[in-house]
>>> print(open('run-v9.txt').read())   # compact mmCIF, N, CA, C and O atoms
# COMPACT_ATOMS: atom_id res chain seq x y z
N MET O 231 -3.27 -2.52 -8.06
CA MET O 231 -3.97 -3.81 -8.05
C MET O 231 -3.02 -4.88 -7.52
O MET O 231 -1.89 -4.98 -7.97
N SER O 232 -3.50 -5.63 -6.57
CA SER O 232 -2.72 -6.75 -6.06
C SER O 232 -2.62 -7.82 -7.12
O SER O 232 -3.41 -7.84 -8.06
N LYS O 233 -1.68 -8.71 -6.92
CA LYS O 233 -1.56 -9.78 -7.90
C LYS O 233 -2.78 -10.69 -7.82
O LYS O 233 -3.45 -10.77 -6.79
N ILE O 234 -3.04 -11.35 -8.90
CA ILE O 234 -4.18 -12.26 -9.00
C ILE O 234 -3.64 -13.68 -8.89
O ILE O 234 -2.69 -14.05 -9.59
N THR O 235 -4.25 -14.46 -8.01
CA THR O 235 -3.86 -15.86 -7.84
C THR O 235 -5.08 -16.72 -8.08
O THR O 235 -6.15 -16.45 -7.54
N ILE O 236 -4.90 -17.76 -8.89
CA ILE O 236 -5.95 -18.74 -9.11
C ILE O 236 -5.46 -20.08 -8.56
O ILE O 236 -4.43 -20.59 -9.00
N PHE O 237 -6.20 -20.61 -7.60
CA PHE O 237 -5.93 -21.95 -7.08
C PHE O 237 -6.81 -22.89 -7.90
O PHE O 237 -8.04 -22.82 -7.83
N SER O 238 -6.17 -23.73 -8.70
CA SER O 238 -6.90 -24.57 -9.65
C SER O 238 -6.68 -26.05 -9.37
O SER O 238 -5.88 -26.42 -8.51
N LYS O 239 -7.41 -26.87 -10.12
CA LYS O 239 -7.25 -28.33 -10.05
C LYS O 239 -7.18 -28.87 -11.47
O LYS O 239 -7.61 -28.21 -12.41
N ASN O 240 -6.65 -30.07 -11.60
CA ASN O 240 -6.60 -30.72 -12.90
C ASN O 240 -8.03 -31.02 -13.39
O ASN O 240 -8.91 -31.33 -12.58
N ASN O 241 -8.23 -30.96 -14.69
CA ASN O 241 -9.51 -31.30 -15.32
C ASN O 241 -10.68 -30.53 -14.73
O ASN O 241 -11.76 -31.06 -14.56
N CYS O 242 -10.47 -29.25 -14.42
CA CYS O 242 -11.50 -28.40 -13.82
C CYS O 242 -11.99 -27.42 -14.88
O CYS O 242 -11.27 -26.49 -15.25
N MET O 243 -13.20 -27.63 -15.34
CA MET O 243 -13.75 -26.78 -16.40
C MET O 243 -13.91 -25.33 -15.94
O MET O 243 -13.58 -24.40 -16.67
N GLN O 244 -14.38 -25.12 -14.71
CA GLN O 244 -14.54 -23.75 -14.23
C GLN O 244 -13.19 -23.05 -14.10
O GLN O 244 -13.08 -21.85 -14.33
N CYS O 245 -12.16 -23.81 -13.73
CA CYS O 245 -10.80 -23.25 -13.65
C CYS O 245 -10.36 -22.77 -15.03
O CYS O 245 -9.84 -21.65 -15.18
N GLN O 246 -10.57 -23.61 -16.04
CA GLN O 246 -10.19 -23.26 -17.41
C GLN O 246 -10.93 -22.01 -17.87
O GLN O 246 -10.34 -21.12 -18.51
N MET O 247 -12.23 -21.94 -17.56
CA MET O 247 -13.03 -20.80 -17.99
C MET O 247 -12.56 -19.51 -17.31
O MET O 247 -12.48 -18.46 -17.96
N ALA O 248 -12.23 -19.59 -16.03
CA ALA O 248 -11.77 -18.40 -15.31
C ALA O 248 -10.44 -17.92 -15.87
O ALA O 248 -10.24 -16.71 -16.09
N LYS O 249 -9.52 -18.85 -16.12
CA LYS O 249 -8.21 -18.48 -16.67
C LYS O 249 -8.37 -17.86 -18.06
O LYS O 249 -7.75 -16.84 -18.36
N LYS O 250 -9.23 -18.46 -18.88
CA LYS O 250 -9.46 -17.94 -20.23
C LYS O 250 -10.05 -16.53 -20.18
O LYS O 250 -9.66 -15.66 -20.96
N PHE O 251 -10.95 -16.30 -19.24
CA PHE O 251 -11.56 -14.98 -19.08
C PHE O 251 -10.48 -13.93 -18.78
O PHE O 251 -10.43 -12.89 -19.41
N LEU O 252 -9.63 -14.23 -17.79
CA LEU O 252 -8.59 -13.27 -17.41
C LEU O 252 -7.58 -13.06 -18.53
O LEU O 252 -7.13 -11.93 -18.76
N GLU O 253 -7.23 -14.13 -19.22
CA GLU O 253 -6.28 -14.01 -20.34
C GLU O 253 -6.87 -13.13 -21.44
O GLU O 253 -6.19 -12.29 -22.01
N LYS O 254 -8.16 -13.33 -21.73
CA LYS O 254 -8.83 -12.53 -22.77
C LYS O 254 -8.82 -11.05 -22.41
O LYS O 254 -8.72 -10.18 -23.28
N GLU O 255 -8.90 -10.76 -21.10
CA GLU O 255 -8.88 -9.37 -20.63
C GLU O 255 -7.45 -8.83 -20.51
O GLU O 255 -7.25 -7.68 -20.14
N GLY O 256 -6.47 -9.66 -20.80
CA GLY O 256 -5.09 -9.22 -20.77
C GLY O 256 -4.47 -9.13 -19.39
O GLY O 256 -3.46 -8.45 -19.20
N LEU O 257 -5.08 -9.81 -18.41
CA LEU O 257 -4.55 -9.77 -17.05
C LEU O 257 -3.64 -10.97 -16.80
O LEU O 257 -3.95 -12.09 -17.19
N SER O 258 -2.54 -10.72 -16.14
CA SER O 258 -1.66 -11.82 -15.78
C SER O 258 -2.03 -12.31 -14.38
O SER O 258 -2.57 -11.55 -13.57
N PHE O 259 -1.77 -13.56 -14.13
CA PHE O 259 -2.12 -14.15 -12.84
C PHE O 259 -1.16 -15.28 -12.53
O PHE O 259 -0.49 -15.81 -13.42
N GLN O 260 -1.10 -15.60 -11.25
CA GLN O 260 -0.31 -16.75 -10.82
C GLN O 260 -1.28 -17.91 -10.63
O GLN O 260 -2.30 -17.75 -9.96
N GLU O 261 -0.96 -19.04 -11.22
CA GLU O 261 -1.79 -20.22 -11.05
C GLU O 261 -1.08 -21.19 -10.11
O GLU O 261 0.10 -21.49 -10.28
N ILE O 262 -1.82 -21.64 -9.11
CA ILE O 262 -1.31 -22.67 -8.21
C ILE O 262 -2.25 -23.86 -8.31
O ILE O 262 -3.42 -23.78 -7.91
N ASN O 263 -1.76 -24.94 -8.90
CA ASN O 263 -2.56 -26.15 -9.06
C ASN O 263 -2.46 -26.94 -7.75
O ASN O 263 -1.39 -27.43 -7.40
N ILE O 264 -3.58 -27.05 -7.04
CA ILE O 264 -3.54 -27.72 -5.73
C ILE O 264 -3.49 -29.24 -5.85
O ILE O 264 -3.18 -29.91 -4.87
N ASP O 265 -3.77 -29.79 -7.04
CA ASP O 265 -3.53 -31.22 -7.24
C ASP O 265 -2.03 -31.49 -7.26
O ASP O 265 -1.57 -32.50 -6.74
N GLU O 266 -1.29 -30.58 -7.88
CA GLU O 266 0.16 -30.75 -8.00
C GLU O 266 0.93 -30.13 -6.85
O GLU O 266 2.10 -30.44 -6.64
N ASN O 267 0.27 -29.23 -6.11
CA ASN O 267 0.89 -28.55 -4.96
C ASN O 267 -0.04 -28.65 -3.75
O ASN O 267 -0.61 -27.64 -3.31
N PRO O 268 -0.22 -29.86 -3.21
CA PRO O 268 -1.21 -30.05 -2.13
C PRO O 268 -0.91 -29.27 -0.86
O PRO O 268 -1.80 -29.10 -0.01
N GLU O 269 0.31 -28.74 -0.74
CA GLU O 269 0.62 -27.95 0.45
C GLU O 269 -0.21 -26.67 0.53
O GLU O 269 -0.29 -26.04 1.58
N HIS O 270 -0.87 -26.30 -0.57
CA HIS O 270 -1.70 -25.08 -0.58
C HIS O 270 -3.16 -25.36 -0.21
O HIS O 270 -3.94 -24.42 -0.06
N ILE O 271 -3.53 -26.63 -0.06
CA ILE O 271 -4.93 -26.98 0.23
C ILE O 271 -5.39 -26.37 1.54
O ILE O 271 -6.49 -25.81 1.63
N GLU O 272 -4.56 -26.43 2.58
CA GLU O 272 -4.96 -25.88 3.88
C GLU O 272 -5.20 -24.37 3.79
O GLU O 272 -6.13 -23.85 4.41
N TYR O 273 -4.37 -23.69 3.00
CA TYR O 273 -4.56 -22.24 2.85
C TYR O 273 -5.92 -21.96 2.19
O TYR O 273 -6.67 -21.08 2.64
N VAL O 274 -6.24 -22.69 1.13
CA VAL O 274 -7.52 -22.50 0.43
C VAL O 274 -8.67 -22.77 1.40
O VAL O 274 -9.64 -22.01 1.45
N LYS O 275 -8.55 -23.83 2.19
CA LYS O 275 -9.60 -24.13 3.18
C LYS O 275 -9.70 -23.03 4.22
O LYS O 275 -10.80 -22.70 4.68
N SER O 276 -8.55 -22.42 4.58
CA SER O 276 -8.57 -21.34 5.58
C SER O 276 -9.31 -20.11 5.06
O SER O 276 -9.80 -19.30 5.85
N LEU O 277 -9.38 -19.98 3.74
CA LEU O 277 -10.15 -18.88 3.14
C LEU O 277 -11.65 -19.18 3.17
O LEU O 277 -12.47 -18.31 2.86
N GLY O 278 -12.00 -20.43 3.49
CA GLY O 278 -13.41 -20.82 3.58
C GLY O 278 -13.95 -21.51 2.35
O GLY O 278 -15.16 -21.62 2.18
N PHE O 279 -13.06 -22.01 1.50
CA PHE O 279 -13.50 -22.64 0.25
C PHE O 279 -13.08 -24.10 0.18
O PHE O 279 -12.05 -24.48 0.72
N SER O 280 -13.90 -24.88 -0.52
CA SER O 280 -13.56 -26.29 -0.70
C SER O 280 -13.69 -26.73 -2.16
O SER O 280 -13.53 -27.90 -2.47
N ALA O 281 -14.00 -25.79 -3.05
CA ALA O 281 -14.14 -26.12 -4.48
C ALA O 281 -13.29 -25.17 -5.31
O ALA O 281 -13.16 -23.99 -4.99
N ALA O 282 -12.70 -25.70 -6.36
CA ALA O 282 -11.87 -24.90 -7.27
C ALA O 282 -12.73 -24.35 -8.41
O ALA O 282 -13.77 -24.93 -8.72
N PRO O 283 -12.31 -23.27 -9.03
CA PRO O 283 -11.14 -22.48 -8.67
C PRO O 283 -11.44 -21.53 -7.51
O PRO O 283 -12.59 -21.14 -7.31
N VAL O 284 -10.40 -21.18 -6.79
CA VAL O 284 -10.49 -20.10 -5.82
C VAL O 284 -9.62 -18.98 -6.38
O VAL O 284 -8.46 -19.20 -6.72
N ILE O 285 -10.21 -17.82 -6.52
CA ILE O 285 -9.53 -16.70 -7.14
C ILE O 285 -9.36 -15.61 -6.09
O ILE O 285 -10.33 -15.24 -5.42
N GLN O 286 -8.13 -15.14 -5.96
CA GLN O 286 -7.81 -14.14 -4.96
C GLN O 286 -7.10 -12.97 -5.64
O GLN O 286 -6.12 -13.17 -6.34
N ALA O 287 -7.65 -11.78 -5.45
CA ALA O 287 -7.05 -10.56 -5.99
C ALA O 287 -7.28 -9.46 -4.97
O ALA O 287 -8.36 -8.88 -4.90
N GLY O 288 -6.30 -9.23 -4.13
CA GLY O 288 -6.47 -8.25 -3.06
C GLY O 288 -7.55 -8.69 -2.11
O GLY O 288 -7.53 -9.80 -1.61
N ASN O 289 -8.53 -7.81 -1.89
CA ASN O 289 -9.64 -8.13 -0.98
C ASN O 289 -10.74 -8.93 -1.64
O ASN O 289 -11.70 -9.31 -0.98
N VAL O 290 -10.64 -9.16 -2.93
CA VAL O 290 -11.66 -9.92 -3.66
C VAL O 290 -11.22 -11.39 -3.68
O VAL O 290 -10.20 -11.73 -4.26
N VAL O 291 -12.02 -12.23 -3.02
CA VAL O 291 -11.72 -13.66 -2.98
C VAL O 291 -13.03 -14.40 -3.19
O VAL O 291 -14.02 -14.13 -2.51
N PHE O 292 -13.05 -15.32 -4.15
CA PHE O 292 -14.27 -16.08 -4.42
C PHE O 292 -13.92 -17.43 -5.05
O PHE O 292 -12.80 -17.67 -5.44
N SER O 293 -14.93 -18.27 -5.11
CA SER O 293 -14.76 -19.62 -5.66
C SER O 293 -15.69 -19.78 -6.85
O SER O 293 -16.78 -19.23 -6.90
N GLY O 294 -15.22 -20.56 -7.82
CA GLY O 294 -16.04 -20.85 -8.99
C GLY O 294 -15.83 -19.85 -10.11
O GLY O 294 -15.13 -18.85 -9.96
N PHE O 295 -16.46 -20.14 -11.24
CA PHE O 295 -16.42 -19.23 -12.39
C PHE O 295 -17.57 -18.25 -12.23
O PHE O 295 -18.73 -18.60 -12.42
N GLN O 296 -17.25 -17.02 -11.82
CA GLN O 296 -18.25 -15.99 -11.58
C GLN O 296 -17.91 -14.77 -12.43
O GLN O 296 -17.10 -13.93 -12.01
N PRO O 297 -18.49 -14.66 -13.61
CA PRO O 297 -18.16 -13.55 -14.51
C PRO O 297 -18.28 -12.18 -13.87
O PRO O 297 -17.45 -11.30 -14.11
N ALA O 298 -19.28 -11.96 -13.02
CA ALA O 298 -19.44 -10.63 -12.39
C ALA O 298 -18.25 -10.32 -11.49
O ALA O 298 -17.74 -9.20 -11.49
N LYS O 299 -17.81 -11.30 -10.73
CA LYS O 299 -16.64 -11.10 -9.85
C LYS O 299 -15.37 -10.93 -10.68
O LYS O 299 -14.50 -10.13 -10.35
N LEU O 300 -15.25 -11.68 -11.76
CA LEU O 300 -14.08 -11.55 -12.64
C LEU O 300 -14.05 -10.16 -13.27
O LEU O 300 -12.99 -9.55 -13.36
N ARG O 301 -15.22 -9.64 -13.65
CA ARG O 301 -15.26 -8.27 -14.21
C ARG O 301 -14.87 -7.25 -13.15
O ARG O 301 -14.24 -6.23 -13.46
N GLU O 302 -15.21 -7.52 -11.89
CA GLU O 302 -14.81 -6.64 -10.78
C GLU O 302 -13.28 -6.59 -10.69
O GLU O 302 -12.69 -5.52 -10.52
N ILE O 303 -12.63 -7.73 -10.85
CA ILE O 303 -11.15 -7.78 -10.84
C ILE O 303 -10.59 -7.00 -12.01
O ILE O 303 -9.63 -6.25 -11.86
N VAL O 304 -11.20 -7.15 -13.18
CA VAL O 304 -10.75 -6.42 -14.37
C VAL O 304 -10.85 -4.92 -14.12
O VAL O 304 -9.92 -4.16 -14.42
N ALA O 305 -11.97 -4.48 -13.55
CA ALA O 305 -12.17 -3.05 -13.26
C ALA O 305 -11.12 -2.55 -12.28
O ALA O 305 -10.55 -1.46 -12.45
N LEU O 306 -10.81 -3.32 -11.25
CA LEU O 306 -9.80 -2.93 -10.28
C LEU O 306 -8.43 -2.83 -10.92
O LEU O 306 -7.64 -1.94 -10.61
N ALA O 307 -8.16 -3.73 -11.85
CA ALA O 307 -6.85 -3.74 -12.52
C ALA O 307 -6.68 -2.50 -13.40
O ALA O 307 -5.55 -2.07 -13.65
N GLN O 308 -7.79 -1.94 -13.88
CA GLN O 308 -7.70 -0.81 -14.79
C GLN O 308 -7.68 0.52 -14.05
O GLN O 308 -7.52 1.56 -14.67
N GLU O 309 -7.82 0.49 -12.73
CA GLU O 309 -7.80 1.75 -11.95
C GLU O 309 -6.42 2.33 -11.89
O GLU O 309 -5.43 1.65 -11.90
>>> encode(input="run-v9.txt", output="structure tokens")
Amino acid sequence: MSKITIFSKNNCMQCQMAKKFLEKEGLSFQEINIDENPEHIEYVKSLGFSAAPVIQAGNVVFSGFQPAKLREIVALAQE
């Protein structure tokens, strides 16, 4: 399983929910706060997203709190 990266923003409820979901599943991830690290904004836009969170785990990349996609990451991590 590739590492999991969450591009988050300050005061982002969906970001908090996604992080809590992964923590509850026992998965570690790298968080990059784009409010505090604006140099990553262009990369997130290059992925085709403009809203946080953007979650990247190998070939799985999506935006927002999407439990089905998060469960897909969990399943990949357990392989």
>>> closest_residue(input="run-v9.txt", among="O:Val304, O:Ile285, O:Leu257, O:Ile271", to="O:Thr235", atoms="only C-alpha atoms")
O:Ile285
>>> select_by_dssp(input="run-v9.txt", residues="chain O", states="alpha helix (DSSP H)", output="JSON list (two decimals) with N, CA, C and O atoms, in the coordinates of the input")
[["chain", "number", "residue", "atom", "x", "y", "z"],
["O", 243, "MET", "N", -13.20, -27.63, -15.34],
["O", 243, "MET", "CA", -13.75, -26.78, -16.40],
["O", 243, "MET", "C", -13.91, -25.33, -15.94],
["O", 243, "MET", "O", -13.58, -24.40, -16.67],
["O", 244, "GLN", "N", -14.38, -25.12, -14.71],
["O", 244, "GLN", "CA", -14.54, -23.75, -14.23],
["O", 244, "GLN", "C", -13.19, -23.05, -14.10],
["O", 244, "GLN", "O", -13.08, -21.85, -14.33],
["O", 245, "CYS", "N", -12.16, -23.81, -13.73],
["O", 245, "CYS", "CA", -10.80, -23.25, -13.65],
["O", 245, "CYS", "C", -10.36, -22.77, -15.03],
["O", 245, "CYS", "O", -9.84, -21.65, -15.18],
["O", 246, "GLN", "N", -10.57, -23.61, -16.04],
["O", 246, "GLN", "CA", -10.19, -23.26, -17.41],
["O", 246, "GLN", "C", -10.93, -22.01, -17.87],
["O", 246, "GLN", "O", -10.34, -21.12, -18.51],
["O", 247, "MET", "N", -12.23, -21.94, -17.56],
["O", 247, "MET", "CA", -13.03, -20.80, -17.99],
["O", 247, "MET", "C", -12.56, -19.51, -17.31],
["O", 247, "MET", "O", -12.48, -18.46, -17.96],
["O", 248, "ALA", "N", -12.23, -19.59, -16.03],
["O", 248, "ALA", "CA", -11.77, -18.40, -15.31],
["O", 248, "ALA", "C", -10.44, -17.92, -15.87],
["O", 248, "ALA", "O", -10.24, -16.71, -16.09],
["O", 249, "LYS", "N", -9.52, -18.85, -16.12],
["O", 249, "LYS", "CA", -8.21, -18.48, -16.67],
["O", 249, "LYS", "C", -8.37, -17.86, -18.06],
["O", 249, "LYS", "O", -7.75, -16.84, -18.36],
["O", 250, "LYS", "N", -9.23, -18.46, -18.88],
["O", 250, "LYS", "CA", -9.46, -17.94, -20.23],
["O", 250, "LYS", "C", -10.05, -16.53, -20.18],
["O", 250, "LYS", "O", -9.66, -15.66, -20.96],
["O", 251, "PHE", "N", -10.95, -16.30, -19.24],
["O", 251, "PHE", "CA", -11.56, -14.98, -19.08],
["O", 251, "PHE", "C", -10.48, -13.93, -18.78],
["O", 251, "PHE", "O", -10.43, -12.89, -19.41],
["O", 252, "LEU", "N", -9.63, -14.23, -17.79],
["O", 252, "LEU", "CA", -8.59, -13.27, -17.41],
["O", 252, "LEU", "C", -7.58, -13.06, -18.53],
["O", 252, "LEU", "O", -7.13, -11.93, -18.76],
["O", 253, "GLU", "N", -7.23, -14.13, -19.22],
["O", 253, "GLU", "CA", -6.28, -14.01, -20.34],
["O", 253, "GLU", "C", -6.87, -13.13, -21.44],
["O", 253, "GLU", "O", -6.19, -12.29, -22.01],
["O", 254, "LYS", "N", -8.16, -13.33, -21.73],
["O", 254, "LYS", "CA", -8.83, -12.53, -22.77],
["O", 254, "LYS", "C", -8.82, -11.05, -22.41],
["O", 254, "LYS", "O", -8.72, -10.18, -23.28],
["O", 271, "ILE", "N", -3.53, -26.63, -0.06],
["O", 271, "ILE", "CA", -4.93, -26.98, 0.23],
["O", 271, "ILE", "C", -5.39, -26.37, 1.54],
["O", 271, "ILE", "O", -6.49, -25.81, 1.63],
["O", 272, "GLU", "N", -4.56, -26.43, 2.58],
["O", 272, "GLU", "CA", -4.96, -25.88, 3.88],
["O", 272, "GLU", "C", -5.20, -24.37, 3.79],
["O", 272, "GLU", "O", -6.13, -23.85, 4.41],
["O", 273, "TYR", "N", -4.37, -23.69, 3.00],
["O", 273, "TYR", "CA", -4.56, -22.24, 2.85],
["O", 273, "TYR", "C", -5.92, -21.96, 2.19],
["O", 273, "TYR", "O", -6.67, -21.08, 2.64],
["O", 274, "VAL", "N", -6.24, -22.69, 1.13],
["O", 274, "VAL", "CA", -7.52, -22.50, 0.43],
["O", 274, "VAL", "C", -8.67, -22.77, 1.40],
["O", 274, "VAL", "O", -9.64, -22.01, 1.45],
["O", 275, "LYS", "N", -8.55, -23.83, 2.19],
["O", 275, "LYS", "CA", -9.60, -24.13, 3.18],
["O", 275, "LYS", "C", -9.70, -23.03, 4.22],
["O", 275, "LYS", "O", -10.80, -22.70, 4.68],
["O", 276, "SER", "N", -8.55, -22.42, 4.58],
["O", 276, "SER", "CA", -8.57, -21.34, 5.58],
["O", 276, "SER", "C", -9.31, -20.11, 5.06],
["O", 276, "SER", "O", -9.80, -19.30, 5.85],
["O", 297, "PRO", "N", -18.49, -14.66, -13.61],
["O", 297, "PRO", "CA", -18.16, -13.55, -14.51],
["O", 297, "PRO", "C", -18.28, -12.18, -13.87],
["O", 297, "PRO", "O", -17.45, -11.30, -14.11],
["O", 298, "ALA", "N", -19.28, -11.96, -13.02],
["O", 298, "ALA", "CA", -19.44, -10.63, -12.39],
["O", 298, "ALA", "C", -18.25, -10.32, -11.49],
["O", 298, "ALA", "O", -17.74, -9.20, -11.49],
["O", 299, "LYS", "N", -17.81, -11.30, -10.73],
["O", 299, "LYS", "CA", -16.64, -11.10, -9.85],
["O", 299, "LYS", "C", -15.37, -10.93, -10.68],
["O", 299, "LYS", "O", -14.50, -10.13, -10.35],
["O", 300, "LEU", "N", -15.25, -11.68, -11.76],
["O", 300, "LEU", "CA", -14.08, -11.55, -12.64],
["O", 300, "LEU", "C", -14.05, -10.16, -13.27],
["O", 300, "LEU", "O", -12.99, -9.55, -13.36],
["O", 301, "ARG", "N", -15.22, -9.64, -13.65],
["O", 301, "ARG", "CA", -15.26, -8.27, -14.21],
["O", 301, "ARG", "C", -14.87, -7.25, -13.15],
["O", 301, "ARG", "O", -14.24, -6.23, -13.46],
["O", 302, "GLU", "N", -15.21, -7.52, -11.89],
["O", 302, "GLU", "CA", -14.81, -6.64, -10.78],
["O", 302, "GLU", "C", -13.28, -6.59, -10.69],
["O", 302, "GLU", "O", -12.69, -5.52, -10.52],
["O", 303, "ILE", "N", -12.63, -7.73, -10.85],
["O", 303, "ILE", "CA", -11.15, -7.78, -10.84],
["O", 303, "ILE", "C", -10.59, -7.00, -12.01],
["O", 303, "ILE", "O", -9.63, -6.25, -11.86],
["O", 304, "VAL", "N", -11.20, -7.15, -13.18],
["O", 304, "VAL", "CA", -10.75, -6.42, -14.37],
["O", 304, "VAL", "C", -10.85, -4.92, -14.12],
["O", 304, "VAL", "O", -9.92, -4.16, -14.42],
["O", 305, "ALA", "N", -11.97, -4.48, -13.55],
["O", 305, "ALA", "CA", -12.17, -3.05, -13.26],
["O", 305, "ALA", "C", -11.12, -2.55, -12.28],
["O", 305, "ALA", "O", -10.55, -1.46, -12.45],
["O", 306, "LEU", "N", -10.81, -3.32, -11.25],
["O", 306, "LEU", "CA", -9.80, -2.93, -10.28],
["O", 306, "LEU", "C", -8.43, -2.83, -10.92],
["O", 306, "LEU", "O", -7.64, -1.94, -10.61],
["O", 307, "ALA", "N", -8.16, -3.73, -11.85],
["O", 307, "ALA", "CA", -6.85, -3.74, -12.52],
["O", 307, "ALA", "C", -6.68, -2.50, -13.40],
["O", 307, "ALA", "O", -5.55, -2.07, -13.65]]
>>> atom_distance(input="run-v9.txt", atom1="atom C of O:Glu272", atom2="atom C of O:Lys254")
29.6 Å
>>> atom_distance(input="run-v9.txt", atom1="atom CA of O:Ile262", atom2="atom CA of O:Lys249")
11.7 Å
>>> closest_residue(input="run-v9.txt", among="O:Leu300, O:Phe259, O:Phe237, O:Cys242", to="O:Phe279", atoms="only C-alpha atoms")
O:Phe237
>>> atom_distance(input="run-v9.txt", atom1="atom O of O:Glu266", atom2="atom CA of O:Ile303")
26.6 Å
>>> residues_around(input="run-v9.txt", residues="stretch 306-309 of chain O", least_positions_apart="4", cutoff="8 Å", atoms="all atoms listed in the file", output="PyMOL selection string")
chain O and resi 231-232+257+299-302
>>> axis_aligned_box(input="run-v9.txt", around="stretch 240-246 of chain O", padding_each_side="6 Å", output="AutoDock Vina command-line options")
--center_x -10.6 --center_y -26.2 --center_z -15.1 --size_x 19.9 --size_y 22.2 --size_z 18.9
>>> residues_around(input="run-v9.txt", residues="O:Val274", least_positions_apart="5", cutoff="10 Å", atoms="only C-alpha atoms", output="VMD selection string")
chain O and resid 237 264 269 279 to 286 293
>>> write_last_selection(input="run-v9.txt", atoms="N, CA, C and O atoms", output="tab-separated table (two decimals), in the coordinates of the input")
chain	number	residue	atom	x	y	z
O	237	PHE	N	-6.20	-20.61	-7.60
O	237	PHE	CA	-5.93	-21.95	-7.08
O	237	PHE	C	-6.81	-22.89	-7.90
O	237	PHE	O	-8.04	-22.82	-7.83
O	264	ILE	N	-3.58	-27.05	-7.04
O	264	ILE	CA	-3.54	-27.72	-5.73
O	264	ILE	C	-3.49	-29.24	-5.85
O	264	ILE	O	-3.18	-29.91	-4.87
O	269	GLU	N	0.31	-28.74	-0.74
O	269	GLU	CA	0.62	-27.95	0.45
O	269	GLU	C	-0.21	-26.67	0.53
O	269	GLU	O	-0.29	-26.04	1.58
O	279	PHE	N	-13.06	-22.01	1.50
O	279	PHE	CA	-13.50	-22.64	0.25
O	279	PHE	C	-13.08	-24.10	0.18
O	279	PHE	O	-12.05	-24.48	0.72
O	280	SER	N	-13.90	-24.88	-0.52
O	280	SER	CA	-13.56	-26.29	-0.70
O	280	SER	C	-13.69	-26.73	-2.16
O	280	SER	O	-13.53	-27.90	-2.47
O	281	ALA	N	-14.00	-25.79	-3.05
O	281	ALA	CA	-14.14	-26.12	-4.48
O	281	ALA	C	-13.29	-25.17	-5.31
O	281	ALA	O	-13.16	-23.99	-4.99
O	282	ALA	N	-12.70	-25.70	-6.36
O	282	ALA	CA	-11.87	-24.90	-7.27
O	282	ALA	C	-12.73	-24.35	-8.41
O	282	ALA	O	-13.77	-24.93	-8.72
O	283	PRO	N	-12.31	-23.27	-9.03
O	283	PRO	CA	-11.14	-22.48	-8.67
O	283	PRO	C	-11.44	-21.53	-7.51
O	283	PRO	O	-12.59	-21.14	-7.31
O	284	VAL	N	-10.40	-21.18	-6.79
O	284	VAL	CA	-10.49	-20.10	-5.82
O	284	VAL	C	-9.62	-18.98	-6.38
O	284	VAL	O	-8.46	-19.20	-6.72
O	285	ILE	N	-10.21	-17.82	-6.52
O	285	ILE	CA	-9.53	-16.70	-7.14
O	285	ILE	C	-9.36	-15.61	-6.09
O	285	ILE	O	-10.33	-15.24	-5.42
O	286	GLN	N	-8.13	-15.14	-5.96
O	286	GLN	CA	-7.81	-14.14	-4.96
O	286	GLN	C	-7.10	-12.97	-5.64
O	286	GLN	O	-6.12	-13.17	-6.34
O	293	SER	N	-14.93	-18.27	-5.11
O	293	SER	CA	-14.76	-19.62	-5.66
O	293	SER	C	-15.69	-19.78	-6.85
O	293	SER	O	-16.78	-19.23	-6.90
>>> closest_residue(input="run-v9.txt", among="O:Met243, O:Gly278, O:Val290, O:Asn263", to="O:Ala305", atoms="only C-alpha atoms")
O:Val290
>>> select_by_dssp(input="run-v9.txt", residues="chain O", states="strand (DSSP E)", output="ChimeraX atom specification")
/O:234-238,260-263,284-287,290-293
>>> closest_residue(input="run-v9.txt", among="O:Ile234, O:Val291, O:Ala298, O:Met247", to="O:Leu277", atoms="only N, CA, C and O atoms")
O:Val291
>>> residues_near_point(input="run-v9.txt", point="(-8.3, -22.6, -13.0)", cutoff="6 Å", atoms="only C-alpha atoms", output="list in words")
Ile236, Ser238, Cys245, Gln246, Ala248, Lys249 and Pro283 of chain O
>>> closest_residue(input="run-v9.txt", among="O:Phe295, O:Ser276, O:Asn240, O:Gly288", to="O:Glu261", atoms="only C-alpha atoms")
O:Asn240
